[in-house]
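So this block is my_file-v9.cif, mmCIF, C-alpha atoms:
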```
data_my_file
#
loop_
_atom_site.label_atom_id
_atom_site.label_comp_id
_atom_site.auth_asym_id
_atom_site.auth_seq_id
_atom_site.Cartn_x
_atom_site.Cartn_y
_atom_site.Cartn_z
CA MET B 1 14.87 -21.21 13.43
CA THR B 2 16.32 -19.29 16.33
CA THR B 3 13.59 -17.66 18.37
CA GLU B 4 15.25 -16.44 21.56
CA ARG B 5 15.78 -12.79 22.26
CA PRO B 6 18.87 -11.34 20.58
CA ALA B 7 21.60 -10.84 23.16
CA HIS B 8 24.33 -8.25 22.80
CA GLN B 9 26.77 -9.92 20.45
CA ASP B 10 30.46 -9.98 21.18
CA ILE B 11 32.28 -9.09 17.94
CA HIS B 12 34.99 -11.71 18.52
CA GLU B 13 32.48 -14.53 18.98
CA TYR B 14 30.41 -13.19 16.09
CA LEU B 15 33.40 -13.31 13.72
CA ALA B 16 34.75 -16.65 14.99
CA GLU B 17 31.54 -18.46 14.01
CA PHE B 18 32.06 -17.48 10.35
CA GLU B 19 35.12 -19.74 10.15
CA ASP B 20 32.91 -22.77 10.79
CA ILE B 21 30.95 -22.61 7.51
CA PRO B 22 32.25 -25.02 4.85
CA GLY B 23 33.28 -23.61 1.46
CA THR B 24 32.38 -20.03 2.37
CA ARG B 25 34.31 -16.80 2.97
CA VAL B 26 32.26 -14.18 4.74
CA PHE B 27 33.19 -10.65 3.63
CA THR B 28 34.38 -9.34 6.97
CA ALA B 29 36.14 -6.06 7.70
CA LYS B 30 39.45 -7.96 7.63
CA ARG B 31 38.77 -9.17 4.09
CA ALA B 32 37.42 -5.76 3.07
CA ARG B 33 40.70 -4.17 4.16
CA GLN B 34 42.89 -6.83 2.55
CA GLY B 35 40.99 -6.63 -0.72
CA TYR B 36 40.30 -2.90 -0.79
CA HIS B 37 42.38 -2.11 -3.88
CA MET B 38 41.43 -5.35 -5.65
CA ASN B 39 37.76 -4.50 -5.26
CA GLN B 40 38.28 -0.89 -6.31
CA PHE B 41 40.28 -2.10 -9.33
CA ALA B 42 37.33 -4.35 -10.27
CA MET B 43 34.95 -1.44 -9.74
CA SER B 44 36.95 0.62 -12.27
CA LEU B 45 35.88 -1.90 -14.95
CA MET B 46 32.38 -0.40 -14.77
CA LYS B 47 33.67 2.21 -17.22
CA ALA B 48 33.89 1.21 -20.89
CA GLU B 49 37.19 3.05 -21.48
CA ASN B 50 38.79 1.24 -18.54
CA ARG B 51 37.54 -2.11 -19.82
CA GLU B 52 39.19 -1.38 -23.17
CA ARG B 53 42.50 -0.41 -21.57
CA PHE B 54 42.38 -3.49 -19.33
CA LYS B 55 41.66 -5.83 -22.24
CA ALA B 56 44.46 -4.30 -24.30
CA ASP B 57 47.07 -5.04 -21.59
CA GLU B 58 45.76 -6.60 -18.38
CA ARG B 59 49.09 -6.61 -16.59
CA ALA B 60 49.85 -2.95 -17.42
CA TYR B 61 46.40 -1.86 -16.28
CA MET B 62 46.71 -3.75 -12.98
CA ASP B 63 50.18 -2.28 -12.42
CA GLU B 64 48.46 1.10 -12.03
CA TRP B 65 46.80 -0.23 -8.87
CA PRO B 66 48.50 -0.96 -5.51
CA LEU B 67 47.77 -4.69 -5.75
CA THR B 68 49.97 -7.42 -4.33
CA GLU B 69 51.66 -9.76 -6.80
CA ALA B 70 49.48 -12.61 -5.49
CA GLN B 71 46.33 -10.57 -6.18
CA LYS B 72 47.50 -9.78 -9.71
CA GLN B 73 48.28 -13.45 -10.40
CA ALA B 74 44.88 -14.57 -9.06
CA LEU B 75 43.11 -11.98 -11.23
CA LEU B 76 45.13 -12.85 -14.35
CA ALA B 77 44.36 -16.54 -13.83
CA ARG B 78 40.66 -15.77 -13.12
CA ASP B 79 41.13 -17.96 -10.03
CA TYR B 80 38.13 -16.62 -8.16
CA ASN B 81 38.61 -18.75 -5.06
CA ALA B 82 42.12 -17.30 -4.77
CA CYS B 83 40.67 -13.82 -5.32
CA LEU B 84 38.23 -14.40 -2.44
CA ASP B 85 41.10 -15.60 -0.24
CA LEU B 86 42.95 -12.35 -1.00
CA GLY B 87 40.03 -10.12 -0.02
CA GLY B 88 37.95 -10.00 -3.18
CA ASN B 89 34.20 -9.63 -2.94
CA ILE B 90 31.95 -11.41 -5.39
CA TYR B 91 29.89 -8.35 -6.36
CA PHE B 92 33.06 -6.44 -7.21
CA LEU B 93 34.72 -9.42 -8.94
CA SER B 94 31.57 -9.74 -11.05
CA LYS B 95 32.72 -6.63 -12.93
CA LEU B 96 35.56 -8.81 -14.21
CA PHE B 97 33.12 -11.60 -15.22
CA SER B 98 31.18 -9.00 -17.18
CA THR B 99 34.34 -7.67 -18.83
CA ASP B 100 35.08 -11.25 -19.90
CA GLY B 101 31.50 -11.67 -21.13
CA LEU B 102 31.00 -14.60 -18.76
CA PRO B 103 27.50 -15.28 -17.39
CA PHE B 104 27.34 -14.91 -13.60
CA ALA B 105 26.35 -18.54 -12.99
CA GLU B 106 29.21 -19.80 -15.17
CA ALA B 107 31.73 -17.70 -13.26
CA VAL B 108 30.27 -18.93 -9.98
CA SER B 109 30.57 -22.55 -11.14
CA THR B 110 34.35 -22.14 -11.56
CA MET B 111 34.64 -21.87 -7.76
CA THR B 112 33.03 -25.29 -7.25
CA ASP B 113 34.32 -28.76 -8.13
CA MET B 114 31.83 -28.96 -11.02
CA SER B 115 31.86 -28.04 -14.69
CA PHE B 116 29.35 -25.39 -15.73
CA PRO B 117 26.95 -27.95 -17.31
CA GLU B 118 27.10 -30.04 -14.11
CA TYR B 119 26.52 -26.95 -11.96
CA ARG B 120 23.63 -25.82 -14.12
CA GLU B 121 22.07 -29.26 -13.90
CA MET B 122 22.39 -29.20 -10.10
CA MET B 123 20.64 -25.82 -10.00
CA ASN B 124 17.87 -27.00 -12.31
CA LYS B 125 17.29 -29.95 -9.97
CA GLY B 126 16.78 -27.66 -6.97
CA GLY B 127 20.27 -26.50 -6.07
CA ARG B 128 22.88 -27.71 -3.59
CA SER B 129 21.41 -29.16 -0.41
CA PRO B 130 22.60 -27.53 2.82
CA GLU B 131 22.77 -31.03 4.37
CA GLY B 132 26.25 -31.53 5.86
CA LEU B 133 27.34 -28.04 4.73
CA ARG B 134 26.10 -25.94 7.64
CA SER B 135 28.89 -26.44 10.13
CA ILE B 136 32.37 -27.96 9.99
CA LYS B 137 32.49 -28.64 13.75
CA GLU B 138 29.02 -30.02 14.13
CA LYS B 139 29.12 -31.99 10.86
CA ARG B 140 25.52 -31.08 9.99
CA MET Q 141 -2.39 11.50 5.75
CA ALA Q 142 -0.11 9.03 4.05
CA ARG Q 143 -0.54 5.37 4.88
CA ILE Q 144 1.21 2.10 4.17
CA THR Q 145 -1.39 -0.09 2.49
CA ALA Q 146 0.65 -3.14 1.50
CA GLY Q 147 4.03 -4.83 1.64
CA VAL Q 148 5.65 -6.72 -1.20
CA ALA Q 149 8.65 -9.05 -0.96
CA SER Q 150 10.61 -10.18 -3.98
CA SER Q 151 13.95 -11.53 -5.09
CA HIS Q 152 15.86 -9.17 -7.39
CA VAL Q 153 18.10 -11.48 -9.44
CA PRO Q 154 19.76 -9.46 -12.26
CA LEU Q 155 19.01 -12.19 -14.81
CA LEU Q 156 15.29 -11.42 -14.42
CA GLY Q 157 16.00 -7.93 -15.73
CA VAL Q 158 17.83 -9.42 -18.70
CA ALA Q 159 14.93 -11.83 -19.37
CA SER Q 160 12.43 -8.96 -19.21
CA ASP Q 161 14.51 -6.60 -21.37
CA PHE Q 162 15.18 -9.18 -24.08
CA GLY Q 163 11.67 -10.68 -24.26
CA LYS Q 164 12.58 -14.04 -22.70
CA ASP Q 165 10.15 -13.68 -19.80
CA ARG Q 166 7.71 -16.27 -21.16
CA ASP Q 167 10.20 -18.87 -22.36
CA GLU Q 168 10.55 -22.33 -20.85
CA TYR Q 169 13.08 -21.27 -18.23
CA PHE Q 170 11.72 -17.88 -17.13
CA GLY Q 171 8.01 -18.46 -17.83
CA PRO Q 172 7.25 -20.18 -14.51
CA ILE Q 173 9.08 -17.42 -12.61
CA PHE Q 174 7.26 -14.53 -14.29
CA ALA Q 175 3.91 -16.36 -14.14
CA GLY Q 176 4.17 -16.17 -10.36
CA TYR Q 177 4.07 -12.36 -10.66
CA ASP Q 178 1.05 -12.16 -13.01
CA TRP Q 179 -1.35 -11.89 -10.07
CA THR Q 180 0.68 -9.04 -8.60
CA ARG Q 181 0.92 -7.07 -11.85
CA GLU Q 182 -2.89 -7.11 -12.14
CA TRP Q 183 -3.28 -6.28 -8.45
CA GLU Q 184 -0.89 -3.32 -8.73
CA LYS Q 185 -3.00 -1.88 -11.58
CA ALA Q 186 -5.94 -1.80 -9.17
CA GLU Q 187 -3.95 -0.63 -6.13
CA LYS Q 188 -2.30 2.31 -7.92
CA PRO Q 189 0.24 3.14 -5.22
CA ASP Q 190 1.43 6.75 -5.24
CA VAL Q 191 4.81 5.87 -3.76
CA VAL Q 192 6.84 2.72 -3.15
CA ILE Q 193 9.47 2.73 -0.42
CA LEU Q 194 11.82 0.27 -2.05
CA VAL Q 195 14.24 -1.49 0.29
CA TYR Q 196 17.15 -2.99 -1.64
CA ASN Q 197 20.89 -3.31 -1.67
CA ASP Q 198 23.35 -1.79 -4.07
CA HIS Q 199 25.70 -4.33 -5.70
CA ALA Q 200 28.89 -2.31 -6.17
CA SER Q 201 27.14 0.17 -8.47
CA ALA Q 202 26.34 3.47 -6.71
CA PHE Q 203 28.46 2.61 -3.67
CA ASP Q 204 31.94 1.15 -3.90
CA MET Q 205 34.28 0.36 -1.01
CA LYS Q 206 34.92 4.07 -0.34
CA ILE Q 207 31.69 4.62 1.59
CA ILE Q 208 29.55 1.89 3.14
CA PRO Q 209 26.31 3.29 4.59
CA THR Q 210 24.35 0.80 6.71
CA PHE Q 211 20.99 2.47 5.97
CA ALA Q 212 20.73 5.12 3.22
CA ILE Q 213 17.60 6.87 1.98
CA GLY Q 214 17.28 8.43 -1.46
CA CYS Q 215 15.91 11.99 -1.24
CA GLY Q 216 16.59 12.95 -4.86
CA GLU Q 217 14.24 13.99 -7.67
CA ARG Q 218 15.17 11.11 -9.97
CA TYR Q 219 17.56 8.22 -10.42
CA LYS Q 220 18.97 6.68 -13.59
CA PRO Q 221 19.47 2.94 -14.12
CA ALA Q 222 23.12 2.13 -13.36
CA ASP Q 223 25.61 0.82 -15.91
CA GLU Q 224 26.60 -2.41 -14.16
CA GLY Q 225 29.31 -3.23 -16.66
CA TRP Q 226 27.22 -4.10 -19.72
CA GLY Q 227 25.38 -0.79 -20.27
CA PRO Q 228 22.39 0.54 -18.29
CA ARG Q 229 19.08 -1.37 -18.51
CA ALA Q 230 16.70 0.13 -21.08
CA VAL Q 231 14.04 0.85 -18.45
CA PRO Q 232 12.51 4.20 -17.45
CA ASP Q 233 14.26 6.54 -15.04
CA VAL Q 234 13.02 6.21 -11.47
CA GLU Q 235 11.20 9.24 -10.16
CA GLY Q 236 11.78 10.03 -6.49
CA HIS Q 237 9.48 11.69 -3.97
CA PRO Q 238 11.78 14.18 -2.22
CA ASP Q 239 9.02 15.62 0.01
CA LEU Q 240 8.11 12.24 1.48
CA ALA Q 241 11.71 11.00 1.48
CA TRP Q 242 13.02 14.02 3.39
CA HIS Q 243 10.08 13.78 5.79
CA ILE Q 244 10.93 10.10 6.46
CA ALA Q 245 14.65 10.87 6.76
CA GLN Q 246 14.08 13.65 9.30
CA SER Q 247 11.55 11.59 11.27
CA LEU Q 248 13.84 8.56 11.37
CA ILE Q 249 16.78 10.60 12.65
CA LEU Q 250 14.62 12.05 15.45
CA ASP Q 251 13.49 8.47 16.10
CA GLU Q 252 17.20 7.58 16.62
CA PHE Q 253 17.84 5.90 13.25
CA ASP Q 254 20.90 7.76 11.96
CA MET Q 255 20.27 7.60 8.24
CA THR Q 256 22.64 8.46 5.42
CA ILE Q 257 20.97 10.80 2.96
CA ILE Q 258 21.55 10.34 -0.77
CA ASN Q 259 20.67 13.12 -3.18
CA GLU Q 260 22.26 11.71 -6.31
CA MET Q 261 22.88 8.12 -7.33
CA ASP Q 262 22.22 5.57 -10.03
CA VAL Q 263 20.10 2.58 -9.10
CA ASP Q 264 21.08 -0.97 -10.06
CA HIS Q 265 19.19 -4.24 -10.60
CA GLY Q 266 18.44 -4.46 -6.88
CA LEU Q 267 15.92 -1.66 -7.40
CA THR Q 268 14.94 -1.87 -11.07
CA VAL Q 269 14.31 -5.64 -11.28
CA PRO Q 270 11.52 -5.55 -8.66
CA LEU Q 271 9.92 -2.64 -10.59
CA SER Q 272 9.97 -4.78 -13.77
CA MET Q 273 8.53 -7.78 -11.93
CA MET Q 274 5.66 -5.80 -10.42
CA PHE Q 275 4.90 -3.35 -13.25
CA GLY Q 276 6.07 -5.07 -16.45
CA LYS Q 277 7.39 -2.86 -19.26
CA PRO Q 278 5.66 0.54 -19.10
CA ASP Q 279 7.04 3.71 -20.77
CA ALA Q 280 7.21 5.30 -17.33
CA TRP Q 281 7.00 3.66 -13.89
CA PRO Q 282 3.46 4.16 -12.55
CA CYS Q 283 4.54 5.47 -9.13
CA LYS Q 284 7.25 7.41 -7.39
CA VAL Q 285 9.97 5.56 -5.50
CA VAL Q 286 11.85 6.26 -2.29
CA PRO Q 287 14.97 4.09 -2.48
CA LEU Q 288 16.18 2.70 0.84
CA ALA Q 289 19.58 1.05 0.46
CA VAL Q 290 20.89 -1.39 3.08
CA ASN Q 291 24.44 -2.68 3.43
CA VAL Q 292 24.27 -6.46 3.21
CA VAL Q 293 27.68 -6.87 1.55
CA THR Q 294 30.31 -5.92 4.13
CA TYR Q 295 29.92 -7.56 7.56
CA PRO Q 296 28.29 -6.86 9.86
CA PRO Q 297 25.10 -5.89 8.07
CA PRO Q 298 22.34 -4.60 10.37
CA SER Q 299 20.66 -7.21 12.58
CA GLY Q 300 17.24 -8.54 11.70
CA ASN Q 301 15.92 -6.97 14.87
CA ARG Q 302 17.24 -3.55 13.85
CA CYS Q 303 15.76 -3.91 10.38
CA TRP Q 304 12.36 -4.77 11.85
CA ALA Q 305 12.55 -1.76 14.19
CA LEU Q 306 13.51 0.49 11.26
CA GLY Q 307 10.38 -0.69 9.47
CA GLU Q 308 8.30 0.22 12.51
CA ALA Q 309 9.88 3.68 12.54
CA ILE Q 310 9.22 4.11 8.79
CA ALA Q 311 5.55 3.32 9.41
CA ARG Q 312 5.40 6.03 12.11
CA ALA Q 313 7.11 8.49 9.77
CA VAL Q 314 4.72 7.78 6.88
CA ALA Q 315 1.69 8.11 9.18
CA SER Q 316 2.77 11.65 10.11
CA PHE Q 317 3.11 12.87 6.51
CA PRO Q 318 0.20 15.25 5.92
CA GLU Q 319 -0.48 14.54 2.26
CA ASP Q 320 -2.96 11.77 1.37
CA LEU Q 321 -0.71 9.14 -0.20
CA ASN Q 322 -1.12 5.45 -0.88
CA VAL Q 323 2.30 4.06 0.07
CA GLN Q 324 3.62 0.55 -0.36
CA ILE Q 325 6.83 -0.81 1.11
CA TRP Q 326 8.81 -3.45 -0.73
CA GLY Q 327 11.55 -5.67 0.70
CA THR Q 328 13.81 -7.20 -1.94
CA GLY Q 329 16.68 -9.68 -2.33
CA GLY Q 330 17.04 -13.31 -1.31
CA MET Q 331 15.95 -15.96 -0.96
CA SER Q 332 18.55 -18.69 -0.34
CA HIS Q 333 21.60 -18.31 -2.58
CA GLN Q 334 25.36 -18.50 -2.41
CA LEU Q 335 27.41 -16.95 -5.21
CA GLN Q 336 30.89 -17.85 -4.03
CA GLY Q 337 33.26 -20.62 -3.03
CA ALA Q 338 32.91 -24.40 -3.00
CA ARG Q 339 29.43 -24.23 -1.43
CA ALA Q 340 28.05 -22.04 -4.27
CA GLY Q 341 24.60 -23.02 -5.48
CA LEU Q 342 23.19 -23.71 -2.03
CA ILE Q 343 19.39 -23.62 -1.92
CA ASN Q 344 17.24 -24.30 1.15
CA ARG Q 345 13.64 -24.63 0.04
CA GLU Q 346 12.41 -25.76 3.44
CA TRP Q 347 13.98 -22.85 5.37
CA ASP Q 348 12.90 -20.28 2.76
CA ASN Q 349 9.29 -21.42 3.06
CA ARG Q 350 9.40 -21.25 6.84
CA PHE Q 351 10.65 -17.67 6.45
CA LEU Q 352 7.73 -16.87 4.10
CA ASP Q 353 5.34 -18.46 6.63
CA GLY Q 354 6.83 -16.31 9.39
CA LEU Q 355 6.10 -13.06 7.56
CA ILE Q 356 2.38 -13.84 7.63
CA GLY Q 357 0.30 -13.36 10.76
CA GLU Q 358 1.17 -12.06 14.18
CA SER Q 359 4.49 -13.59 15.13
CA ASP Q 360 7.63 -11.47 15.15
CA HIS Q 361 10.07 -14.35 15.68
CA LEU Q 362 11.90 -13.71 12.39
CA ARG Q 363 13.48 -10.58 13.84
CA ARG Q 364 15.51 -12.75 16.21
CA ILE Q 365 17.30 -14.86 13.58
CA PRO Q 366 21.05 -14.19 13.94
CA HIS Q 367 23.29 -13.59 10.91
CA ILE Q 368 25.05 -16.93 11.40
CA GLU Q 369 21.77 -18.77 10.82
CA TYR Q 370 21.18 -17.01 7.48
CA LEU Q 371 24.76 -17.84 6.49
CA ARG Q 372 24.58 -21.52 7.44
CA GLU Q 373 21.05 -22.21 6.20
CA THR Q 374 20.58 -19.92 3.20
CA GLY Q 375 24.07 -19.34 1.77
CA SER Q 376 26.34 -16.34 1.96
CA GLU Q 377 23.97 -14.09 0.00
CA GLY Q 378 20.77 -15.23 1.77
CA ILE Q 379 21.49 -12.49 4.31
CA GLU Q 380 19.64 -10.15 1.92
CA MET Q 381 16.46 -11.44 3.56
CA VAL Q 382 17.04 -9.07 6.51
CA MET Q 383 15.77 -6.41 4.09
CA TRP Q 384 12.40 -8.16 3.96
CA LEU Q 385 12.13 -7.58 7.72
CA ILE Q 386 12.14 -3.79 7.19
CA MET Q 387 9.07 -4.28 5.00
CA ARG Q 388 7.46 -6.61 7.54
CA GLY Q 389 8.18 -4.30 10.47
CA ALA Q 390 6.45 -1.45 8.64
CA LEU Q 391 3.21 -3.44 8.31
CA GLY Q 392 2.37 -3.45 12.02
CA SER Q 393 1.61 -6.28 14.40
CA LYS Q 394 -0.33 -8.54 12.05
CA THR Q 395 -0.39 -9.29 8.34
CA ARG Q 396 -2.35 -11.41 5.95
CA ALA Q 397 -1.04 -12.85 2.69
CA LEU Q 398 -2.70 -11.93 -0.59
CA HIS Q 399 -0.31 -13.79 -2.88
CA ARG Q 400 2.69 -16.11 -2.58
CA HIS Q 401 5.15 -17.56 -5.09
CA TYR Q 402 8.30 -19.66 -4.74
CA HIS Q 403 10.45 -21.08 -7.51
CA VAL Q 404 13.87 -22.74 -7.86
CA PRO Q 405 16.08 -21.88 -9.66
CA CYS Q 406 16.74 -18.56 -11.26
CA SER Q 407 20.42 -18.74 -12.13
CA ASN Q 408 22.00 -19.36 -8.69
CA THR Q 409 19.03 -18.26 -6.64
CA ALA Q 410 15.70 -19.30 -5.10
CA ILE Q 411 12.94 -16.88 -6.11
CA GLY Q 412 10.50 -15.87 -3.38
CA HIS Q 413 7.62 -13.42 -3.68
CA LEU Q 414 4.94 -12.43 -1.21
CA VAL Q 415 2.22 -9.75 -1.15
CA LEU Q 416 1.04 -8.76 2.32
CA ARG Q 417 -1.67 -6.57 3.71
CA PRO Q 418 -1.43 -4.98 7.15
CA ASP Q 419 -4.18 -6.78 9.10
CA ASN Q 420 -4.86 -4.34 11.88
CA GLY Q 421 -8.57 -3.76 11.59
CA GLU Q 422 -8.04 -0.32 10.11
CA GLY Q 423 -9.57 -1.22 6.78
CA TYR Q 424 -6.68 -0.71 4.41
CA ASP Q 425 -8.39 -2.73 1.69
CA MET Q 426 -9.03 0.21 -0.57
CA THR Q 427 -9.59 -1.26 -3.96
CA GLY Q 428 -11.64 -4.40 -3.68
CA SER Q 429 -8.78 -6.15 -5.39
CA GLU Q 430 -9.06 -9.15 -3.09
CA GLY Q 431 -11.03 -10.98 -5.75
CA GLY Q 432 -7.82 -12.14 -7.42
CA PRO Q 433 -6.69 -15.73 -7.54
CA PRO Q 434 -6.25 -17.47 -4.18
CA ILE Q 435 -2.83 -17.78 -2.62
CA ALA Q 436 -0.92 -20.45 -4.48
CA PRO Q 437 0.91 -22.65 -1.98
CA THR Q 438 3.86 -23.60 -4.17
#
```
Structure rendered as structure tokens:
Amino acid sequence: MTTERPAHQDIHEYLAEFEDIPGTRVFTAKRARQGYHMNQFAMSLMKAENRERFKADERAYMDEWPLTEAQKQALLARDYNACLDLGGNIYFLSKLFSTDGLPFAEAVSTMTDMSFPEYREMMNKGGRSPEGLRSIKEKR
Amino acid sequence: MARITAGVASSHVPLLGVASDFGKDRDEYFGPIFAGYDWTREWEKAEKPDVVILVYNDHASAFDMKIIPTFAIGCGERYKPADEGWGPRAVPDVEGHPDLAWHIAQSLILDEFDMTIINEMDVDHGLTVPLSMMFGKPDAWPCKVVPLAVNVVTYPPPSGNRCWALGEAIARAVASFPEDLNVQIWGTGGMSHQLQGARAGLINREWDNRFLDGLIGESDHLRRIPHIEYLRETGSEGIEMVMWLIMRGALGSKTRALHRHYHVPCSNTAIGHLVLRPDNGEGYDMTGSEGGPPIAPT
């Protein structure tokens, strides 16, 4: 663990380090801006009447929001890695899992290279080891 | 005067709320998780806190992307369980303590912590799951709650050092409240988990246990862990552990552990739970409840 005194952190250096984590998108201000409407769209699914309208015609419901075509396609395909790349945040996207009736862990597993049973088995055996997944540059 | 008599840390995985609400809390999967809280539920019956300052994060329930407060304190009379997309949890409403909450809010602002003040909001699993874990299934929660919401979703969240210092300031604020109140502070969220991307499912048992170790005793080294270390070592959602440092900071220079529990997995997450007593020679052991089971080093 790091034990030295916290220095004043330069925001550029702070953000640059996030790009060095394998298989991870940190929800930075840049992503929050890019995904603003996608996340607010997902938030709207908290309301039962919106869920019904969405389920009745997903495309028409999404057309009411200022989403990019790529965002709409990623949402329609439930391609959650693509959603994250386009500024989605997992806690907001989880409103879509719930609308689909998908358990959280199952939705999470779709972002990995495993099937849900394989993912569940990995978790039951203690989860994914951080070994080799801490840093791209340092290969540790 | 009011005093902080104990600190409690706990994960707040939503699935634990589901297990509790649908009577699955003693089945094969959830039984070992809930068993680790049995000691605490008995202990809480003896402690009878008047108020819990409950540090948690909102998961796109009360706050959406429109407003992102870094530190927000609930000063309302009561809070309803949020509808998180599948109907609100069938648990009691949460009763606030506006007198204490406003006193803390005012004191913190004078102490240079520029809090956001919330008068109305619904509270999601981040707040209600820890109540279920510590109090079971009562008809009404046995204490009042001051919700303290922290942004750990949009980067940057507050630093660990700032969280610790906020805890210290909360302790000063509580100590200057004139009414005689038994106050606990709870830090929730964590431990290691990643809910997104190809690295999802990351768990770091060794690091989590070093973090639990670091909350006990005199050292304050945990406040210096940078965000990048949480991200690399404990997954993208492990950053929630900075909220535990608010709890730890409020307990003063030294703590001792009364109970400890660690379990993998719950859904995608490592469950960690710790009960701490401020160990500052001021005799905060009020109930003689120390006769419970010894700390289980799991």
Quick one: residues within 12 Å of (26.3, 1.1, -19.1) (file frame), counting all atoms listed in the file, please, as an mmCIF file with C-alpha atoms, in the frame of the given file.
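Saved file selection_1.cif follows:
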```cif
data_model
loop_
_atom_site.group_PDB
_atom_site.id
_atom_site.type_symbol
_atom_site.label_atom_id
_atom_site.label_comp_id
_atom_site.auth_asym_id
_atom_site.auth_seq_id
_atom_site.Cartn_x
_atom_site.Cartn_y
_atom_site.Cartn_z
ATOM 1 C CA LEU B 45 35.880 -1.900 -14.950
ATOM 2 C CA MET B 46 32.380 -0.400 -14.770
ATOM 3 C CA LYS B 47 33.670 2.210 -17.220
ATOM 4 C CA ALA B 48 33.890 1.210 -20.890
ATOM 5 C CA GLU B 49 37.190 3.050 -21.480
ATOM 6 C CA ARG B 51 37.540 -2.110 -19.820
ATOM 7 C CA LYS B 95 32.720 -6.630 -12.930
ATOM 8 C CA SER B 98 31.180 -9.000 -17.180
ATOM 9 C CA THR B 99 34.340 -7.670 -18.830
ATOM 10 C CA SER Q 201 27.140 0.170 -8.470
ATOM 11 C CA LYS Q 220 18.970 6.680 -13.590
ATOM 12 C CA PRO Q 221 19.470 2.940 -14.120
ATOM 13 C CA ALA Q 222 23.120 2.130 -13.360
ATOM 14 C CA ASP Q 223 25.610 0.820 -15.910
ATOM 15 C CA GLU Q 224 26.600 -2.410 -14.160
ATOM 16 C CA GLY Q 225 29.310 -3.230 -16.660
ATOM 17 C CA TRP Q 226 27.220 -4.100 -19.720
ATOM 18 C CA GLY Q 227 25.380 -0.790 -20.270
ATOM 19 C CA PRO Q 228 22.390 0.540 -18.290
ATOM 20 C CA ARG Q 229 19.080 -1.370 -18.510
ATOM 21 C CA ALA Q 230 16.700 0.130 -21.080
ATOM 22 C CA ASP Q 262 22.220 5.570 -10.030
ATOM 23 C CA VAL Q 263 20.100 2.580 -9.100
ATOM 24 C CA ASP Q 264 21.080 -0.970 -10.060
#
```
Tell me the residues of chain Q close to chain B, meaning within 8 Å using all atoms listed in the file, as a PyMOL selection string. chain Q and resi 199-200+204-205+223-226+293-296+301+335-344+361-362+364-366+368-369+371-374+376+404-405+407-408
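Selection check: the PyMOL selection byres ((chain Q and resi 192) around 10) on the shown file gives Ile144, Ala146, Gly147, Val148, Pro189, Asp190, Val191, Ile193, Leu194, Val195, Gly236, His237, Leu271, Cys283, Lys284, Val285, Val286, Pro287, Asn322, Val323, Gln324, Ile325 and Trp326 of chain Q.
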Dump C-alpha atoms for the selected residues as a PDB file, keeping the file's coordinate frame?
```
ATOM      1  CA  ILE Q 144       1.210   2.100   4.170  1.00  0.00           C
ATOM      2  CA  ALA Q 146       0.650  -3.140   1.500  1.00  0.00           C
ATOM      3  CA  GLY Q 147       4.030  -4.830   1.640  1.00  0.00           C
ATOM      4  CA  VAL Q 148       5.650  -6.720  -1.200  1.00  0.00           C
ATOM      5  CA  PRO Q 189       0.240   3.140  -5.220  1.00  0.00           C
ATOM      6  CA  ASP Q 190       1.430   6.750  -5.240  1.00  0.00           C
ATOM      7  CA  VAL Q 191       4.810   5.870  -3.760  1.00  0.00           C
ATOM      8  CA  ILE Q 193       9.470   2.730  -0.420  1.00  0.00           C
ATOM      9  CA  LEU Q 194      11.820   0.270  -2.050  1.00  0.00           C
ATOM     10  CA  VAL Q 195      14.240  -1.490   0.290  1.00  0.00           C
ATOM     11  CA  GLY Q 236      11.780  10.030  -6.490  1.00  0.00           C
ATOM     12  CA  HIS Q 237       9.480  11.690  -3.970  1.00  0.00           C
ATOM     13  CA  LEU Q 271       9.920  -2.640 -10.590  1.00  0.00           C
ATOM     14  CA  CYS Q 283       4.540   5.470  -9.130  1.00  0.00           C
ATOM     15  CA  LYS Q 284       7.250   7.410  -7.390  1.00  0.00           C
ATOM     16  CA  VAL Q 285       9.970   5.560  -5.500  1.00  0.00           C
ATOM     17  CA  VAL Q 286      11.850   6.260  -2.290  1.00  0.00           C
ATOM     18  CA  PRO Q 287      14.970   4.090  -2.480  1.00  0.00           C
ATOM     19  CA  ASN Q 322      -1.120   5.450  -0.880  1.00  0.00           C
ATOM     20  CA  VAL Q 323       2.300   4.060   0.070  1.00  0.00           C
ATOM     21  CA  GLN Q 324       3.620   0.550  -0.360  1.00  0.00           C
ATOM     22  CA  ILE Q 325       6.830  -0.810   1.110  1.00  0.00           C
ATOM     23  CA  TRP Q 326       8.810  -3.450  -0.730  1.00  0.00           C
TER      24      TRP Q 326
END
```
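The space separating atom CA of Ala313 of chain Q from atom CA of Ser247 of chain Q comes to 5.6 Å.
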For each of Q:Asp233, Q:Asp198, Q:Asp165, Q:Glu308, take the minimum atom-to-atom distance to Pro278 of chain Q, counting all atoms listed in the file, then give the residue where this is smallest. Q:Asp233
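If you measure from each of Q:Phe253, Q:Phe275, Q:Trp347, Q:Tyr402 to Ala309 of chain Q using all atoms listed in the file, the closest one turns out to be Q:Phe253.
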Point (-5.5, 15.6, 5.8), cut-off 9 Å, counting only C-alpha atoms, residues as number ranges by chain: Q: 141-142, 318-320
Given the file shown, enumerate the residues that the PyMOL selection byres ((chain Q and resi 302) around 10) captures and present them as a PyMOL selection string. chain Q and resi 253+298-301+303-308+363-364+382+385-386+389
Taking all atoms of segment 202-212 of chain Q that the file lists and extending 8 Å past them on each side, where is the centre of the axis-aligned box and how long are its edges? Answer in Å to one decimal, as lines of an AutoDock Vina configuration file.
```
center_x = 27.8
center_y = 2.7
center_z = 0.0
size_x = 30.2
size_y = 20.8
size_z = 29.4
```
